[in-house]
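**Q** File entry_13.txt below, compact mmCIF, C-alpha atoms and all ligand atoms:
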```
# COMPACT_ATOMS: atom_id res chain seq x y z
CA MET A 216 0.00 0.00 0.00
CA ASP A 217 1.17 3.56 -0.84
CA LYS A 218 2.93 5.24 2.11
CA THR A 219 1.02 8.52 1.73
CA PRO A 220 -2.67 7.89 2.36
CA PRO A 221 -4.96 9.46 -0.27
CA PRO A 222 -7.19 12.38 0.84
CA ILE A 223 -10.53 11.33 2.31
CA GLU A 224 -12.50 12.60 -0.73
CA GLU A 225 -10.57 10.23 -2.99
CA ARG A 226 -11.17 7.39 -0.55
CA LEU A 227 -14.92 8.14 -0.64
CA LEU A 228 -15.02 8.16 -4.44
CA ARG A 229 -13.28 4.78 -4.54
CA LEU A 230 -15.55 3.43 -1.82
CA LEU A 231 -18.58 4.11 -4.04
CA HIS A 232 -17.04 2.54 -7.15
CA HIS A 233 -14.85 -0.24 -5.79
CA ARG A 234 -17.33 -2.99 -6.67
CA SER A 235 -17.65 -2.05 -10.32
CA GLU A 236 -13.84 -2.10 -10.69
CA GLY A 237 -13.77 -5.92 -10.65
CA LEU A 238 -17.07 -6.72 -12.36
CA LYS A 239 -17.35 -8.98 -15.36
CA ARG A 240 -20.02 -8.34 -18.02
CA GLY A 241 -23.46 -9.45 -16.80
CA GLU A 242 -22.53 -9.58 -13.08
CA ALA A 243 -24.78 -7.96 -10.45
CA ILE A 244 -23.91 -4.39 -9.51
CA GLY A 245 -25.74 -4.75 -6.20
CA LEU A 246 -23.77 -6.85 -3.72
CA PRO A 247 -25.00 -10.48 -3.62
CA ILE A 248 -25.44 -11.89 -0.10
CA GLU A 249 -23.57 -15.19 -0.12
CA ASN A 250 -25.38 -17.08 2.62
CA THR A 251 -23.30 -20.20 2.69
CA SER A 252 -21.26 -22.02 5.29
CA THR A 253 -19.13 -23.85 2.75
CA PHE A 254 -17.89 -23.54 -0.85
CA TYR A 255 -17.54 -26.07 -3.67
CA LEU A 256 -13.85 -26.98 -3.50
CA PRO A 257 -12.60 -30.07 -5.33
CA GLY A 258 -8.89 -30.88 -5.11
CA ASP A 259 -6.23 -29.16 -3.01
CA PRO A 260 -7.10 -25.66 -1.71
CA GLN A 261 -5.14 -22.83 -3.31
CA ASP A 262 -4.34 -19.30 -2.12
CA GLY A 263 -7.40 -17.05 -2.38
CA ASP A 264 -9.95 -19.89 -2.54
CA TYR A 265 -13.05 -19.56 -0.39
CA SER A 266 -13.45 -22.82 1.52
CA TYR A 267 -15.51 -22.35 4.70
CA THR A 268 -17.18 -19.14 5.87
CA ARG A 269 -15.33 -18.99 9.21
CA GLU A 270 -12.19 -18.40 7.09
CA GLY A 271 -13.68 -16.01 4.53
CA ASN A 272 -16.86 -15.12 2.65
CA PRO A 273 -17.18 -12.93 -0.47
CA THR A 274 -19.79 -10.67 1.17
CA TRP A 275 -17.46 -9.72 3.98
CA THR A 276 -14.57 -9.43 1.55
CA ALA A 277 -16.66 -6.72 -0.20
CA VAL A 278 -17.29 -4.74 2.99
CA GLU A 279 -13.65 -5.16 4.04
CA ALA A 280 -12.66 -3.63 0.69
CA GLN A 281 -14.78 -0.54 1.51
CA LEU A 282 -13.39 -0.32 5.07
CA SER A 283 -9.86 -0.72 3.80
CA ILE A 284 -10.36 2.12 1.29
CA LEU A 285 -11.69 4.40 4.06
CA GLU A 286 -8.92 3.54 6.52
CA ALA A 287 -6.21 3.49 3.81
CA ALA A 288 -5.12 0.27 5.51
CA PRO A 289 -6.00 -3.41 5.54
CA ALA A 290 -9.25 -3.97 7.48
CA LEU A 291 -10.86 -7.05 9.03
CA ALA A 292 -14.59 -7.29 9.72
CA PHE A 293 -16.01 -8.45 13.07
CA PRO A 294 -19.53 -9.20 14.30
CA SER A 295 -19.53 -6.21 16.69
CA GLY A 296 -17.40 -3.34 17.93
CA MET A 297 -16.62 -5.30 21.10
CA ALA A 298 -15.42 -8.29 19.03
CA ALA A 299 -13.07 -5.91 17.17
CA ILE A 300 -11.70 -4.30 20.35
CA SER A 301 -11.28 -7.63 22.14
CA ALA A 302 -9.45 -9.06 19.09
CA ILE A 303 -6.90 -6.23 19.36
CA MET A 304 -6.49 -6.67 23.13
CA LEU A 305 -6.16 -10.45 23.03
CA THR A 306 -3.63 -10.42 20.19
CA GLU A 307 -1.51 -7.54 21.53
CA LEU A 308 -1.47 -8.20 25.30
CA ARG A 309 0.05 -11.01 27.37
CA PRO A 310 -0.09 -11.75 31.13
CA GLY A 311 2.08 -9.21 32.99
CA ASP A 312 1.54 -6.45 30.39
CA LYS A 313 0.22 -3.03 31.40
CA LEU A 314 -2.69 -1.43 29.54
CA ILE A 315 -3.71 2.22 29.94
CA MET A 316 -7.33 2.82 28.99
CA PRO A 317 -9.86 5.64 29.39
CA SER A 318 -11.68 5.81 32.74
CA ASP A 319 -14.46 7.77 30.98
CA GLY A 320 -14.85 5.74 27.76
CA TYR A 321 -17.46 3.18 26.70
CA TYR A 322 -18.30 1.08 29.79
CA GLY A 323 -18.41 -2.15 27.74
CA VAL A 324 -14.66 -1.91 27.16
CA ARG A 325 -14.07 -1.40 30.90
CA ALA A 326 -16.26 -4.46 31.55
CA PHE A 327 -14.12 -6.46 29.09
CA ALA A 328 -10.96 -5.32 30.88
CA ALA A 329 -12.38 -6.24 34.31
CA ASN A 330 -13.88 -9.59 33.28
CA VAL A 331 -11.28 -10.87 30.81
CA LEU A 332 -8.03 -8.88 30.73
CA GLU A 333 -7.45 -8.54 34.47
CA PRO A 334 -8.15 -12.25 35.25
CA PHE A 335 -5.82 -13.05 32.28
CA GLY A 336 -3.04 -11.18 34.14
CA VAL A 337 -3.01 -7.79 32.35
CA SER A 338 -2.64 -4.83 34.71
CA VAL A 339 -5.13 -2.14 33.73
CA VAL A 340 -4.69 1.56 34.51
CA HIS A 341 -7.78 3.75 34.02
CA TRP A 342 -7.00 7.36 33.11
CA PRO A 343 -9.25 10.29 32.14
CA THR A 344 -9.18 11.01 28.39
CA ALA A 345 -8.69 14.76 28.84
CA ASP A 346 -5.48 14.03 30.86
CA PHE A 347 -3.94 11.40 28.56
CA ALA A 348 -0.97 13.74 28.03
CA THR A 349 0.06 12.91 31.63
CA ALA A 350 -0.88 9.20 31.65
CA PRO A 351 1.75 6.99 33.41
CA ILE A 352 3.06 5.57 30.13
CA GLU A 353 6.34 4.11 31.44
CA GLY A 354 6.25 0.31 31.33
CA ALA A 355 2.93 0.23 29.42
CA LYS A 356 2.55 -2.22 26.52
CA MET A 357 -0.55 -0.59 25.07
CA ILE A 358 -2.50 2.66 25.31
CA LEU A 359 -6.17 2.56 24.31
CA ILE A 360 -7.60 5.95 23.29
CA GLU A 361 -11.28 6.82 22.80
CA SER A 362 -11.44 10.42 21.57
CA PRO A 363 -13.95 11.95 21.95
CA SER A 364 -15.01 9.68 24.78
CA ASN A 365 -18.47 8.19 25.12
CA PRO A 366 -20.47 9.65 26.80
CA GLY A 367 -18.48 12.61 28.23
CA LEU A 368 -17.02 13.83 24.88
CA ASP A 369 -13.60 14.63 26.31
CA ALA A 370 -10.74 14.54 23.80
CA CYS A 371 -6.99 14.05 23.76
CA ASP A 372 -4.30 14.92 21.23
CA ILE A 373 -3.92 11.54 19.50
CA ASN A 374 -0.64 12.35 17.75
CA ALA A 375 0.93 13.69 20.97
CA VAL A 376 -0.08 10.53 22.88
CA VAL A 377 1.27 8.36 20.03
CA GLU A 378 4.64 10.16 20.09
CA ARG A 379 4.97 9.80 23.88
CA ALA A 380 3.84 6.16 23.76
CA HIS A 381 6.19 5.19 20.93
CA ALA A 382 9.12 6.89 22.65
CA ALA A 383 8.34 4.76 25.72
CA GLY A 384 8.00 1.55 23.66
CA ALA A 385 4.20 1.30 23.96
CA ARG A 386 1.70 0.72 21.15
CA VAL A 387 -1.45 2.77 20.62
CA ALA A 388 -4.91 1.51 19.67
CA VAL A 389 -7.80 3.91 19.08
CA ASP A 390 -11.51 3.14 19.44
CA ASN A 391 -12.74 5.50 16.70
CA THR A 392 -16.45 4.73 17.08
CA THR A 393 -17.69 8.15 18.17
CA LEU A 394 -16.29 9.93 15.09
CA THR A 395 -15.79 7.19 12.43
CA PRO A 396 -12.85 7.08 9.96
CA LEU A 397 -14.57 9.73 7.85
CA LEU A 398 -14.23 12.39 10.52
CA GLN A 399 -10.96 11.30 12.14
CA GLN A 400 -8.15 9.04 10.93
CA PRO A 401 -6.15 7.77 13.91
CA LEU A 402 -3.87 5.69 11.65
CA ASP A 403 -2.89 8.89 9.79
CA LEU A 404 -2.17 10.42 13.22
CA GLY A 405 0.29 7.59 13.94
CA ALA A 406 -1.82 5.07 15.88
CA ASP A 407 -0.83 1.42 15.44
CA LEU A 408 -4.31 -0.07 15.35
CA VAL A 409 -7.85 1.17 15.15
CA ALA A 410 -11.15 -0.46 16.12
CA VAL A 411 -14.59 0.85 15.20
CA SER A 412 -18.10 -0.23 16.14
CA ASP A 413 -19.76 -0.09 12.71
CA THR A 414 -23.03 -0.73 14.55
CA LYS A 415 -23.20 3.07 14.92
CA ALA A 416 -22.84 5.75 12.24
CA MET A 417 -20.90 3.60 9.78
CA SER A 418 -23.88 1.32 9.05
CA GLY A 419 -26.16 4.12 10.19
CA HIS A 420 -29.65 2.62 10.33
CA GLY A 421 -29.69 0.90 13.71
CA ASP A 422 -30.39 -2.48 12.10
CA VAL A 423 -27.12 -4.36 12.52
CA LEU A 424 -24.18 -5.03 14.85
CA PHE A 425 -20.76 -4.97 13.18
CA GLY A 426 -17.18 -3.83 13.77
CA HIS A 427 -13.75 -3.71 12.21
CA VAL A 428 -10.05 -3.58 13.00
CA ALA A 429 -7.61 -1.74 10.70
CA SER A 430 -3.85 -1.37 10.85
CA ARG A 431 -0.88 -0.72 8.56
CA ASP A 432 1.15 -3.22 10.64
CA ALA A 433 0.99 -6.42 8.57
CA GLU A 434 2.11 -8.69 11.43
CA ALA A 435 -0.50 -7.27 13.80
CA MET A 436 -3.20 -7.81 11.15
CA GLN A 437 -2.04 -11.38 10.60
CA ARG A 438 -2.45 -12.04 14.34
CA VAL A 439 -5.93 -10.48 14.28
CA ALA A 440 -6.92 -12.54 11.20
CA THR A 441 -5.75 -15.75 12.87
CA TRP A 442 -7.58 -14.78 16.06
CA ARG A 443 -10.81 -14.28 14.11
CA LYS A 444 -10.48 -17.61 12.33
CA VAL A 445 -9.64 -19.71 15.38
CA SER A 446 -11.98 -17.96 17.84
CA GLY A 447 -14.89 -17.95 15.37
CA ALA A 448 -15.67 -14.26 15.99
CA ILE A 449 -16.93 -13.80 12.44
CA PRO A 450 -19.64 -11.55 10.97
CA GLY A 451 -22.59 -13.01 9.04
CA PRO A 452 -22.93 -12.31 5.28
CA THR A 453 -26.33 -10.59 5.72
CA GLU A 454 -24.89 -8.20 8.32
CA ALA A 455 -21.94 -7.53 6.02
CA ALA A 456 -24.32 -6.62 3.18
CA LEU A 457 -26.27 -4.22 5.43
CA VAL A 458 -23.03 -2.46 6.39
CA HIS A 459 -21.95 -2.38 2.72
CA ARG A 460 -25.22 -0.63 1.82
CA GLY A 461 -24.91 1.78 4.77
CA LEU A 462 -21.34 2.77 3.90
CA GLU A 463 -22.44 3.99 0.45
CA THR A 464 -24.30 6.89 2.11
CA VAL A 465 -22.11 7.45 5.16
CA GLU A 466 -20.64 10.73 3.91
CA VAL A 467 -23.99 12.42 3.23
CA ARG A 468 -25.54 11.08 6.42
CA LEU A 469 -22.66 12.35 8.53
CA ALA A 470 -22.71 15.77 6.88
CA ARG A 471 -26.39 16.24 7.83
CA MET A 472 -25.93 14.73 11.31
CA CYS A 473 -22.96 16.98 12.13
CA SER A 474 -24.63 20.18 10.87
CA ASN A 475 -27.86 19.33 12.75
CA ALA A 476 -25.81 18.60 15.89
CA MET A 477 -23.99 21.94 15.67
CA ALA A 478 -27.27 23.88 15.37
CA ILE A 479 -29.02 21.92 18.14
CA ALA A 480 -26.04 22.21 20.52
CA ARG A 481 -25.99 26.00 20.03
CA ARG A 482 -29.72 26.24 20.71
CA LEU A 483 -29.58 23.88 23.72
CA SER A 484 -26.75 25.91 25.26
CA ARG A 485 -29.04 28.98 25.26
CA HIS A 486 -32.05 27.13 26.79
CA SER A 487 -32.84 28.00 30.42
CA LYS A 488 -33.67 24.39 31.47
CA VAL A 489 -30.43 22.98 30.07
CA SER A 490 -26.95 23.11 31.61
CA GLY A 491 -23.52 21.65 30.92
CA VAL A 492 -23.93 21.27 27.16
CA ARG A 493 -21.05 19.29 25.68
CA TYR A 494 -20.53 19.41 21.92
CA PRO A 495 -16.96 19.68 20.65
CA GLY A 496 -18.09 21.96 17.81
CA LEU A 497 -18.93 24.75 20.26
CA THR A 498 -15.88 27.01 20.49
CA GLU A 499 -16.19 27.13 24.28
CA ASP A 500 -16.25 23.30 24.61
CA PRO A 501 -13.15 21.86 26.37
CA SER A 502 -12.58 19.44 23.43
CA HIS A 503 -12.94 22.09 20.70
CA GLN A 504 -9.32 23.07 20.15
CA ILE A 505 -7.93 19.55 20.02
CA MET A 506 -10.68 18.32 17.72
CA ALA A 507 -10.43 21.34 15.43
CA LYS A 508 -6.80 20.24 14.92
CA GLN A 509 -7.25 16.50 14.43
CA SER A 510 -10.82 15.87 13.17
CA ARG A 511 -12.70 16.84 9.99
CA ASP A 512 -15.89 17.59 11.91
CA PHE A 513 -17.18 17.44 15.48
CA GLY A 514 -19.57 14.52 15.29
CA PHE A 515 -23.23 14.04 16.05
CA ILE A 516 -23.30 13.30 19.80
CA ILE A 517 -24.31 16.00 22.27
CA GLY A 518 -24.27 15.70 26.07
CA PHE A 519 -26.34 17.93 28.33
CA CYS A 520 -27.90 18.01 31.78
CA LEU A 521 -31.49 18.51 32.82
CA PRO A 522 -32.07 19.46 36.48
CA ASP A 523 -32.87 15.93 37.74
CA LYS A 524 -33.85 12.37 36.85
CA THR A 525 -37.61 13.08 36.69
CA ILE A 526 -37.27 16.08 34.37
CA ALA A 527 -34.87 14.12 32.17
CA GLU A 528 -37.30 11.17 31.92
CA ASN A 529 -40.24 13.57 31.28
CA PHE A 530 -38.28 15.23 28.48
CA LEU A 531 -37.49 11.90 26.81
CA SER A 532 -41.13 10.75 27.08
CA ALA A 533 -42.42 14.04 25.65
CA CYS A 534 -40.24 13.88 22.50
CA THR A 535 -41.93 12.39 19.44
CA ALA A 536 -39.02 12.82 17.02
CA VAL A 537 -36.33 11.53 19.41
CA THR A 538 -36.33 7.79 20.16
CA ASN A 539 -35.64 6.87 23.79
CA ALA A 540 -32.99 4.23 23.19
CA THR A 541 -29.36 3.40 23.85
CA SER A 542 -26.73 3.39 21.09
CA PHE A 543 -26.06 6.26 18.67
CA GLY A 544 -25.19 7.11 15.08
CA SER A 545 -28.47 6.20 13.37
CA VAL A 546 -30.37 8.29 10.81
CA HIS A 547 -33.04 8.60 13.53
CA THR A 548 -32.30 10.98 16.40
CA SER A 549 -32.17 9.08 19.69
CA ALA A 550 -31.35 9.91 23.29
CA GLU A 551 -31.15 8.34 26.69
CA ARG A 552 -30.63 9.19 30.34
CA ARG A 553 -27.19 7.74 30.56
CA ALA A 554 -26.97 7.33 34.36
CA ARG A 555 -29.54 4.51 34.08
CA TRP A 556 -26.60 2.22 33.25
CA GLY A 557 -24.90 3.03 36.57
CA GLU A 558 -22.18 5.28 35.13
CA ALA A 559 -20.72 7.94 37.45
CA ILE A 560 -22.50 10.88 35.78
CA PRO A 561 -25.32 13.22 36.91
CA GLU A 562 -28.81 11.63 37.06
CA GLY A 563 -30.17 14.24 34.61
CA PHE A 564 -27.40 13.76 31.99
CA ILE A 565 -28.76 13.08 28.48
CA ARG A 566 -26.65 11.54 25.73
CA PHE A 567 -28.21 12.82 22.54
CA SER A 568 -27.42 11.33 19.12
CA VAL A 569 -28.50 13.62 16.30
CA GLY A 570 -29.91 12.01 13.15
CA CYS A 571 -30.74 13.08 9.61
CA GLU A 572 -34.18 14.62 10.17
CA PRO A 573 -34.88 18.11 8.78
CA LEU A 574 -33.52 20.52 11.41
CA GLU A 575 -36.43 22.88 12.13
CA PRO A 576 -39.19 20.30 12.85
CA LEU A 577 -36.68 18.29 14.89
CA TRP A 578 -35.73 21.34 16.97
CA HIS A 579 -39.40 22.26 17.35
CA ASP A 580 -40.07 18.82 18.88
CA ILE A 581 -37.07 19.09 21.24
CA GLN A 582 -38.06 22.60 22.30
CA ARG A 583 -41.68 21.56 22.96
CA ALA A 584 -40.53 18.55 25.01
CA LEU A 585 -38.19 20.79 27.07
CA GLU A 586 -41.05 23.17 27.86
CA THR A 587 -43.35 20.38 29.04
CA ALA A 588 -40.70 18.34 30.95
N1 LIG B 1 -16.89 1.54 21.43
C1 LIG B 1 -17.72 2.54 21.71
C2 LIG B 1 -17.16 3.92 21.89
C3 LIG B 1 -19.09 2.31 21.85
O1 LIG B 1 -19.90 3.33 22.15
C4 LIG B 1 -19.58 0.99 21.66
C5 LIG B 1 -21.02 0.69 21.80
O2 LIG B 1 -21.81 1.52 22.23
C6 LIG B 1 -18.67 -0.02 21.37
C7 LIG B 1 -17.33 0.29 21.25
C8 LIG B 1 -19.12 -1.44 21.21
O3 LIG B 1 -19.74 -1.65 20.00
P1 LIG B 1 -20.75 -2.85 19.71
O4 LIG B 1 -22.00 -2.56 20.47
O5 LIG B 1 -20.90 -2.84 18.23
O6 LIG B 1 -20.10 -4.11 20.21
```
Using structure tokens, write down the structure from this file.
Ligand code: PLP
**A**
Amino acid sequence: MDKTPPPIEERLLRLLHHRSEGLKRGEAIGLPIENTSTFYLPGDPQDGDYSYTREGNPTWTAVEAQLSILEAAPALAFPSGMAAISAIMLTELRPGDKLIMPSDGYYGVRAFAANVLEPFGVSVVHWPTADFATAPIEGAKMILIESPSNPGLDACDINAVVERAHAAGARVAVDNTTLTPLLQQPLDLGADLVAVSDTKAMSGHGDVLFGHVASRDAEAMQRVATWRKVSGAIPGPTEAALVHRGLETVEVRLARMCSNAMAIARRLSRHSKVSGVRYPGLTEDPSHQIMAKQSRDFGFIIGFCLPDKTIAENFLSACTAVTNATSFGSVHTSAERRARWGEAIPEGFIRFSVGCEPLEPLWHDIQRALETA
């Protein structure tokens, strides 16, 4: 692969046309879903043959081609974001190694560290994302970054952490779920590996779980590929096809979601019932400067506080254009009272994922629900 990654616009153009590049006359332009466990294979297997779907399937090869174009790096598909992150951790870390991970990132990754990595003998240091510049990097084998973090939206300077980590002999993995590779390219910023939950904005319709790992380190990718094959953590062809379809519109969806989020964050920050608005696109937001430097846009997730649990629940019930649900990144705006999962955040904190609806009617619904809450 070329050492200088192509600009994101070129990657997006190729993403849309990659399938037609290899088509023979009369072949389907739409991606066929190859629902098969096994392939007709007489004689000795040869390099590149499909044999058994745990080792490879043409429908996930097609989505991996798209992901690889976006990341400008080889990519491997997984059945969820957690499967992608755990594949990185279990192929990079050994008993006795030290991992530094965000104390304020996605709680599922902390649960994985507590339930699997620590009993396996990895020592885990939890550190706030906003302070990663001062994380105790000495002796660490791996640093896991999630910037901006979910749900607090704190950010760190990825390239600065990478330089410090590499100087200390540590490797850096980035969970790039909250922004996607369209809005932020951790591999271009020097990270060794990246994992993304494609369940969110990448597939974009809330109808599938999926994930991927990408890296320009061929040996690391070989370990991840072997892990996937022997552990059986493989995506299904139907899920792969849904993600393939979603990725064809990811750029336009994200453009609308980010511009809606910017407008809604500005309006929320002026509303008398709302406090503590977090949206990295607001110039006063603590993550603004770092993200203006390293990201193409500021994303579609907003955090804000309502005065208490009851008002927050009333607000969510009163909305008709905002689905009360966990997860984020869909074309449909959704929100939840995040403290219901037991995270150490205020009871009235709302994590708000902005979708693709027309802005004014969406805002009207939010405003009406705030008044009645
Ligand atoms: N990383 C982040 C930042 C997330 O928010 C999530 C899910 O919410 C995941 C990883 C896990 O992804 P999945 O649910 O696809 O396993």
**Q** Do you know which residues are within 10 Å of ligand LIG 1 (chain B) using only C-alpha atoms and all ligand atoms? Can you write them as a PDB file with C-alpha atoms, keeping the file's coordinate frame?
**A**
```
ATOM      1  CA  PHE A 293     -16.010  -8.450  13.070  1.00  0.00           C
ATOM      2  CA  PRO A 294     -19.530  -9.200  14.300  1.00  0.00           C
ATOM      3  CA  SER A 295     -19.530  -6.210  16.690  1.00  0.00           C
ATOM      4  CA  GLY A 296     -17.400  -3.340  17.930  1.00  0.00           C
ATOM      5  CA  MET A 297     -16.620  -5.300  21.100  1.00  0.00           C
ATOM      6  CA  ALA A 298     -15.420  -8.290  19.030  1.00  0.00           C
ATOM      7  CA  ALA A 299     -13.070  -5.910  17.170  1.00  0.00           C
ATOM      8  CA  ILE A 300     -11.700  -4.300  20.350  1.00  0.00           C
ATOM      9  CA  SER A 301     -11.280  -7.630  22.140  1.00  0.00           C
ATOM     10  CA  GLY A 320     -14.850   5.740  27.760  1.00  0.00           C
ATOM     11  CA  TYR A 321     -17.460   3.180  26.700  1.00  0.00           C
ATOM     12  CA  TYR A 322     -18.300   1.080  29.790  1.00  0.00           C
ATOM     13  CA  GLY A 323     -18.410  -2.150  27.740  1.00  0.00           C
ATOM     14  CA  VAL A 324     -14.660  -1.910  27.160  1.00  0.00           C
ATOM     15  CA  ILE A 360      -7.600   5.950  23.290  1.00  0.00           C
ATOM     16  CA  GLU A 361     -11.280   6.820  22.800  1.00  0.00           C
ATOM     17  CA  SER A 362     -11.440  10.420  21.570  1.00  0.00           C
ATOM     18  CA  PRO A 363     -13.950  11.950  21.950  1.00  0.00           C
ATOM     19  CA  SER A 364     -15.010   9.680  24.780  1.00  0.00           C
ATOM     20  CA  ASN A 365     -18.470   8.190  25.120  1.00  0.00           C
ATOM     21  CA  PRO A 366     -20.470   9.650  26.800  1.00  0.00           C
ATOM     22  CA  VAL A 389      -7.800   3.910  19.080  1.00  0.00           C
ATOM     23  CA  ASP A 390     -11.510   3.140  19.440  1.00  0.00           C
ATOM     24  CA  ASN A 391     -12.740   5.500  16.700  1.00  0.00           C
ATOM     25  CA  THR A 392     -16.450   4.730  17.080  1.00  0.00           C
ATOM     26  CA  THR A 393     -17.690   8.150  18.170  1.00  0.00           C
ATOM     27  CA  LEU A 394     -16.290   9.930  15.090  1.00  0.00           C
ATOM     28  CA  ALA A 410     -11.150  -0.460  16.120  1.00  0.00           C
ATOM     29  CA  VAL A 411     -14.590   0.850  15.200  1.00  0.00           C
ATOM     30  CA  SER A 412     -18.100  -0.230  16.140  1.00  0.00           C
ATOM     31  CA  ASP A 413     -19.760  -0.090  12.710  1.00  0.00           C
ATOM     32  CA  THR A 414     -23.030  -0.730  14.550  1.00  0.00           C
ATOM     33  CA  LYS A 415     -23.200   3.070  14.920  1.00  0.00           C
ATOM     34  CA  VAL A 423     -27.120  -4.360  12.520  1.00  0.00           C
ATOM     35  CA  LEU A 424     -24.180  -5.030  14.850  1.00  0.00           C
ATOM     36  CA  PHE A 425     -20.760  -4.970  13.180  1.00  0.00           C
ATOM     37  CA  GLY A 426     -17.180  -3.830  13.770  1.00  0.00           C
ATOM     38  CA  HIS A 427     -13.750  -3.710  12.210  1.00  0.00           C
ATOM     39  CA  THR A 541     -29.360   3.400  23.850  1.00  0.00           C
ATOM     40  CA  SER A 542     -26.730   3.390  21.090  1.00  0.00           C
ATOM     41  CA  PHE A 543     -26.060   6.260  18.670  1.00  0.00           C
ATOM     42  CA  GLY A 544     -25.190   7.110  15.080  1.00  0.00           C
TER      43      GLY A 544
END
```
**Q** Which one is closest to Gly518 in chain A: A:Ile565, A:Val377, A:Ile505, A:Ala433? Count all atoms listed in the file.
**A**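 Comparing A:Ile565, A:Val377, A:Ile505, A:Ala433 against Gly518 in chain A, the winner is A:Ile565.
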**Q** What's the 7 Å shell around range 488-490 of chain A, counting all atoms listed in the file, without same-chain residues fewer than 2 positions away, as a list in words?
**A** Leu483, Ser484, His486, Val492, Phe519, Cys520 and Leu521 of chain A
**Q** Could you write out that same residue set with C-alpha atoms as a tab-separated table (two decimals), keeping the file's coordinate frame?
**A**
```tsv
chain	number	residue	atom	x	y	z
A	483	LEU	CA	-29.58	23.88	23.72
A	484	SER	CA	-26.75	25.91	25.26
A	486	HIS	CA	-32.05	27.13	26.79
A	492	VAL	CA	-23.93	21.27	27.16
A	519	PHE	CA	-26.34	17.93	28.33
A	520	CYS	CA	-27.90	18.01	31.78
A	521	LEU	CA	-31.49	18.51	32.82
```
**Q** Record the distance separating CA of Arg566 in chain A and CA of Val278 in chain A, expressed in Å with one decimal.
**A** 29.5 Å
**Q** If you count only C-alpha atoms, which residues fall within 8 Å of range 222-236 of chain A, apart from same-chain ones fewer than 4 positions away, as a compact mmCIF listing (two decimals) with C-alpha atoms, in the coordinates of the input?
**A**
```txt
# COMPACT_ATOMS: atom_id res chain seq x y z
CA ILE A 244 -23.91 -4.39 -9.51
CA ALA A 277 -16.66 -6.72 -0.20
CA ALA A 280 -12.66 -3.63 0.69
CA GLN A 281 -14.78 -0.54 1.51
CA ILE A 284 -10.36 2.12 1.29
CA LEU A 285 -11.69 4.40 4.06
CA ALA A 287 -6.21 3.49 3.81
CA LEU A 397 -14.57 9.73 7.85
CA GLU A 463 -22.44 3.99 0.45
CA GLU A 466 -20.64 10.73 3.91
```
**Q** Please identify every residue of range 381-493 of chain A that has at least one atom no farther than 10 Å from an atom of range 338-352 of chain A, counting all atoms listed in the file, and for each give the shortest atom pair and the distance in Å to one decimal, arranged by chain then increasing number, as JSON lines.
**A**
```
{"residue": "A:His381", "atom": "CA", "partner": "A:Ile352", "partner_atom": "CA", "distance": 9.7}
{"residue": "A:Ala382", "atom": "CA", "partner": "A:Ile352", "partner_atom": "CA", "distance": 9.7}
{"residue": "A:Ala383", "atom": "CA", "partner": "A:Ile352", "partner_atom": "CA", "distance": 6.9}
{"residue": "A:Gly384", "atom": "CA", "partner": "A:Ile352", "partner_atom": "CA", "distance": 9.1}
{"residue": "A:Ala385", "atom": "CA", "partner": "A:Ile352", "partner_atom": "CA", "distance": 7.6}
```
**Q** Pick the closest to Ser318 in chain A from A:Asp369, A:Pro260, A:Arg583, A:Ile479: which is it, counting all atoms listed in the file?
**A**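 Checking each of A:Asp369, A:Pro260, A:Arg583, A:Ile479 against Ser318 in chain A, counting all atoms listed in the file, the winner is A:Asp369.
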**Q** Find the distance between CA of Met436 in chain A and CA of Gly354 in chain A and write it in Å to one decimal.
**A**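 Rounded to one decimal, the two atoms are 23.7 Å apart.
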**Q** Pick the closest to Glu575 in chain A from A:His420, A:Arg240, A:Arg482, A:Lys444: which is it, counting all atoms listed in the file?
**A**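 Of A:His420, A:Arg240, A:Arg482, A:Lys444, the one nearest Glu575 in chain A, counting all atoms listed in the file, is A:Arg482.
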**Q** Provide the CA of Lys356 in chain A to CA of Arg379 in chain A distance in Å, to one decimal place.
**A**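 These atoms are spaced 12.5 Å apart.
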**Q** Under the rule that all atoms listed in the file are counted, which of A:Cys534, A:Ala416, A:Leu308, A:Leu368 is the nearest residue to Cys473 in chain A?
**A** A:Ala416
**Q** Which of these residues is nearest to Phe567 in chain A, using only C-alpha atoms: A:Ala527, A:Ala470, A:Ala243, A:Ala429?
**A** A:Ala527
**Q** Pick the closest to Lys313 in chain A from A:Ile248, A:Leu282, A:Val439, A:Arg386: which is it, counting all atoms listed in the file?
**A**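 That would be A:Arg386, the residue with the smallest distance to Lys313 in chain A.
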**Q** Please return, as an MDAnalysis selection string, all polymer residues that have at least one atom within 8 Å of the point (-34.2, 16.1, 21.3); use all atoms listed in the file and the file's own coordinate frame.
**A** chainID A and resid 531 534 536:537 548:550 567 569 577:578 580:582 584
**Q** If I wrap all listed atoms of range 444-459 of chain A in a box with edges along x, y and z and add 4 Å on each side, what are its centre and edge lengths in Å to one decimal, as JSON?
**A**
```
{"center_x": -18.0, "center_y": -11.0, "center_z": 10.3, "size_x": 24.7, "size_y": 25.3, "size_z": 23.1}
```
